[in-house]
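Take a look at the structure below.
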Amino acid sequence: MTRQTVSGAMKRRYLKQHLFFGAVRLSAIILTLALGGILFYIIVNGIQVISWEFLTSPPTDSMTKGGIMPAILGTLYLTLGAITVALPLGVVAAIYLTEYAKQGRIVRAIRVGVNCLAGVPSVVFGLFGLGFFVVFLKFGSSILAGALTLGILILPTIIGASEEALKGVPQTFREASLALGVSKWLTIWKIVLPNALPGILTGSILGIGRAAGETAPIMFTAAAFFTAKLPGSIFDEVMALPYHVYVLATAGTHIEETRPIQFGTVLVLVALVLGIDLIAIIIRSYMRRKKRW
Amino acid sequence: MTRHQKEIIIKNVFFVFSLISIFILGLIVVFLFREGIPLFREVSLRDFIFGMEWYPTYSPPSYGIWPLIVGSLIVTIFSSLIAVPLGVLSAVYISEIAPPAMKEVLKAIIELLAGLPSVVLGFFGMVIIAPWLQETFDLPTGLNIVNASVILAIMAVPTISSISEDALYAVPNEFKEASYALGATKFETIARIIIPAALSGISTAIILGMARAIGETMVVLMVAGGAAAIPESIFDSVRPMPASIAAEMGEAPFRSGHYHALFATGIVLFLMTLAFNLIADYISQKFKEVGSATL
């Protein structure tokens with residue numbers, strides 16, 4: 001082989017590398033542009049309608065004017081309800097999986113169960129909520145039914161995040177506590193949980209963000225097209241931001257007319273959900289830097 | 001009560017709670033079937049699955065969901081064509097190529113993409129992409145397979161990317177070093193060593209991404225167009241299963257044939273995503289990377 005062909009072969013190998021790296025970088029650019037483009041359109045079109053009044057007054061004139069206050073409140077109720085249901089259940093399940101369970105068939109089955117639950121389509125959660133909470137338990141279409149449905153939807157997120165957080169606590173912490181004669185439960189309660197708390201918190205915040213943005217699970221279980229009054233009890237229907245967007249954008253005779261309100265509502269929803277996610281991301285990276293072990 | 005007894009009680013209570021996911025899955029199955037099975041007093045399973053006509057409100061109604069199944073499969077496949085390269089390549093970028101600062105930024109971008117509510121993406125598809133498609137290609141409607149696939153791809157990319165990235169990250173460093181020591185370029189190392197070693201993880205990622213796309217509701221409800229017919233071109237409208245359920249449940253009279261048919265559609269959808277998840281789980285377990293000794 002002459003010197004020339006060797007360097008020719010090398011060139012071809014590096015050309016392939018350049019092409020591949022180009023494709024790889026392009027994919028990163030496309031994703032950045034996708035997020036940037038979506039946020040840009042929503043912010044530019046939505047910011048004009050955002051005002052204190054828009055955020056604090058109810059819709060008027062068959063939802064063609066006025067604000068979105070009942071939808072904001074409704075989303076708040078549903079989301080808080082969901083996390084109240086999911087957090088204790090999820091943390092307890094995660095504690096069993098990481099602290100007590102011996103690796104074996106049962107634990108394996110539980111993990112498969114968690115994964116499968118995480119994969120259930122949101123509309124199927126909606127159907128389940130309708131069949132179980134609304135019809136069978138006779139909660140009716142209500143905050144209670146919607147919050148429970150959203151709660152089980154985010155349960156796998158909470159379990160996964162809590163497990164990660166618990167696993168992140170060094171084994172030596174547990175051993176030191178047990179060696180001092182502290183019982184297993186007290187060790188978990190006083191040593192493991194406090195150290196895992198920031199991680200669990202991050203997971204819960206992400207869960208809250210997820211619950212706030214979901215539409216399909218609350219369509220048949222909680223969400224009202226329009227309510228004149230604010231909910232008086234957990235057995236009342238509520239308006240919710242995601243459902244409000246859907247309703248304004250697809251149903252009714254004023255779709256074009258209410259476009260600004262739609263963009264405004266979308267902006268509020270996105271700001272709420274991504275704001276929540278961003279808080280979680282920041283807490284997590286802060287935690288990583290501050291970690292003492 | 002002695003300390004020992006207390007510990008045992010706590011452990012058992014925790015065990016019961018840890019079964020909650022399986023318990024809920026069981027409840028989901030029970031209640032989907034409870035509301036869905038009565039349909040089969042009216043229609044045979046065969047006519048339901050393979051029936052070509054979905055006219056649930058006609059009299060007599062016809063409950064064939066084949067066009068809905070085809071709609072679901074088509075948007076899932078087309079969205080994967082976009083999402084798989086984007087997701088896998090971006091994962092390669094993050095784990096192998098990007099400088100550390102870029103890595104953090106891109107991970108945050110992908111996480112925020114994952115966080116965008118589906119109704120927001122659906123809205124974006126309706127208001128921005130649909131009019132653009134309609135004008136550019138001179139179509140009767142911009143709400144079609146292409147639009148739905150693009151938006152679904154945006155939803156599936158974060159799933160594919162983050163799981164692939166974990167898999168790539170888990171490939172032992174010795175593999176790379178050995179490859180470089182033999183004189184391979186970075187690209188050759190990635191293409192012939194790292195990606196093959198992470199293939200089970202990447203496959204899992206792709207399957208879970210597809211499961212995400214097939215079960216996604218708001219996007220297909222808002223941008224797929226809603227025509228319950230077998231499409232002839234990629235610019236035709238379709239009515240995937242989740243869209244049909246979400247759009248019609250509000251109007252279906254309680255415990256009518258239509259109501260039961262929507263629950264039965266939910267069963268089909270549930271079983272499909274369950275199958276996807278079990279396959280993904282099987283692959284990730286069977287080809288688990290347990291250190292460098294296994295390869």
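Quick note on naming: the chains in the structure tokens go A, B, ... in the order shown, residues restart at 1 in each chain, and ligands are numbered from 1 in order of appearance.
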Problem set entry | Surrounding residues of Lys184 of chain A excluding itself and chain neighbours under 5 positions, 9 Å, only C-alpha atoms, as a PyMOL selection string | (chain A and resi 174+177-178+189) or (chain B and resi 7)
Could those selected residues go to a file with C-alpha atoms, as an mmCIF file, in the first residue's frame?
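Contents of out_28.cif, as written:
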data_model
loop_
_atom_site.group_PDB
_atom_site.id
_atom_site.type_symbol
_atom_site.label_atom_id
_atom_site.label_comp_id
_atom_site.auth_asym_id
_atom_site.auth_seq_id
_atom_site.Cartn_x
_atom_site.Cartn_y
_atom_site.Cartn_z
ATOM 1 C CA ARG A 174 -27.649 2.936 58.026
ATOM 2 C CA SER A 177 -27.250 3.897 63.134
ATOM 3 C CA LEU A 178 -27.954 0.169 63.440
ATOM 4 C CA TRP A 189 -37.285 7.495 60.044
ATOM 5 C CA GLU B 7 -40.713 -3.839 63.609
#
Exercise. Which residues of chain A are close to chain B, meaning at most 6 Å apart when you count only C-alpha atoms, and how do they look as a PyMOL selection string?
Worked result: chain A and resi 17+24+27-28+93+96+113-114+116+121+124+128+131+213
Problem set entry | Pick from B:Tyr259, B:Tyr180, B:Trp66, B:Trp132, whichever lies nearest to Pro231 of chain B using only C-alpha atoms |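 Result for the nearest residue to Pro231 of chain B: B:Trp66.
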Seminar exercise, completed: Atom pair atom CA of Ala94 of chain A + atom CA of Ile110 of chain A, distance 10.5 Å
Could you give me, as a JSON list (two decimals) with C-alpha atoms, in the first residue's frame, the residues within 9 Å of Phe125 of chain A, counting only C-alpha atoms and dropping anything in the same chain fewer than 3 positions from it?
[["chain", "number", "residue", "atom", "x", "y", "z"],
["A", 120, "VAL", "CA", -50.89, 3.07, 31.07],
["A", 121, "PRO", "CA", -52.24, 5.68, 28.60],
["A", 122, "SER", "CA", -53.70, 8.75, 30.25],
["A", 128, "PHE", "CA", -60.76, 3.81, 34.97],
["A", 129, "GLY", "CA", -61.52, 6.91, 37.02],
["A", 130, "LEU", "CA", -64.93, 7.09, 35.38],
["A", 149, "THR", "CA", -57.29, 9.58, 39.22],
["A", 150, "LEU", "CA", -54.38, 12.00, 38.85],
["A", 152, "ILE", "CA", -52.61, 7.11, 40.74],
["A", 153, "LEU", "CA", -51.33, 8.50, 37.43],
["A", 216, "ALA", "CA", -57.45, 13.18, 29.44],
["A", 217, "PRO", "CA", -57.64, 11.75, 32.99],
["A", 218, "ILE", "CA", -59.83, 14.59, 34.23],
["B", 28, "ILE", "CA", -57.95, -0.95, 36.13]]
Exercise. Per DSSP on the backbone, what are the alpha helix (DSSP H) residues of segment 72-250 of chain B, as an NGL selection string?
Worked result: :B and (72-92 or 100-115 or 118-124 or 130-136 or 145-169 or 173-181 or 186-189 or 195-197 or 199-215 or 218-223 or 241-248)
Seminar exercise, completed: Pairwise distance, atom CA of Ile74 of chain B with atom CA of Pro60 of chain B, equals 28.9 Å
Problem set entry | Test item: residues at most 9 Å from Gly146 of chain A, only C-alpha atoms, excluding those fewer than 6 positions along its chain, as a VMD selection string | chain A and resid 78 81 to 82 126 129 133 to 134 217 to 223 237
Problem set entry | Contact residues around segment 226-234 of chain A with only C-alpha atoms at 7 Å, ignoring same-chain residues under 6 positions, as a VMD selection string | chain A and resid 70 142 to 144
Give me a file of those residues, with C-alpha atoms, as a JSON list (two decimals), in the first residue's frame.
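Output saved as selection.json:
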[["chain", "number", "residue", "atom", "x", "y", "z"],
["A", 70, "PRO", "CA", -61.76, 29.33, 38.19],
["A", 142, "SER", "CA", -65.83, 15.79, 41.17],
["A", 143, "ILE", "CA", -62.57, 17.16, 42.55],
["A", 144, "LEU", "CA", -62.28, 13.98, 44.62]]
For this session: Considering only C-alpha atoms, state which residue in the set A:Thr258, A:Leu267, A:Leu31, A:Leu274 is at the smallest distance from Lys107 of chain B.
Result: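 When distances to Lys107 of chain B are compared using only C-alpha atoms, the smallest one comes from A:Leu31.
Closest approach to Ile151 of chain B among B:Ala252, B:Val238, B:Ala130, B:Ile49: B:Ala130, based on only C-alpha atoms.
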Find the residues around Thr57 of chain B up to 10 Å (only C-alpha atoms counted), leave out those fewer than 3 positions away in its own chain, and share them as a PDB file with C-alpha atoms, in the first residue's frame.
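What ended up in selection-v4.pdb:
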ATOM      1  CA  TRP B  54     -67.222   2.941  13.281  1.00  0.00           C
ATOM      2  CA  PRO B  60     -78.434   0.425  13.961  1.00  0.00           C
ATOM      3  CA  PRO B  61     -74.995   1.379  15.220  1.00  0.00           C
ATOM      4  CA  SER B  62     -71.847  -0.320  14.028  1.00  0.00           C
ATOM      5  CA  TYR B  63     -68.887  -0.733  16.315  1.00  0.00           C
ATOM      6  CA  GLU B 248     -67.048  10.564  22.328  1.00  0.00           C
ATOM      7  CA  GLU B 251     -71.742  12.323  24.514  1.00  0.00           C
ATOM      8  CA  ALA B 252     -72.194   8.569  24.881  1.00  0.00           C
ATOM      9  CA  GLY B 257     -73.735   0.313  23.513  1.00  0.00           C
ATOM     10  CA  HIS B 258     -71.596   3.279  22.543  1.00  0.00           C
TER      11      HIS B 258
END
Exercise. Just how far from atom CA of Glu257 of chain A is atom CA of Gly66 of chain A, in Å to one decimal?
Worked result: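 Atom CA of Glu257 of chain A lies at a distance of 12.9 Å from atom CA of Gly66 of chain A.
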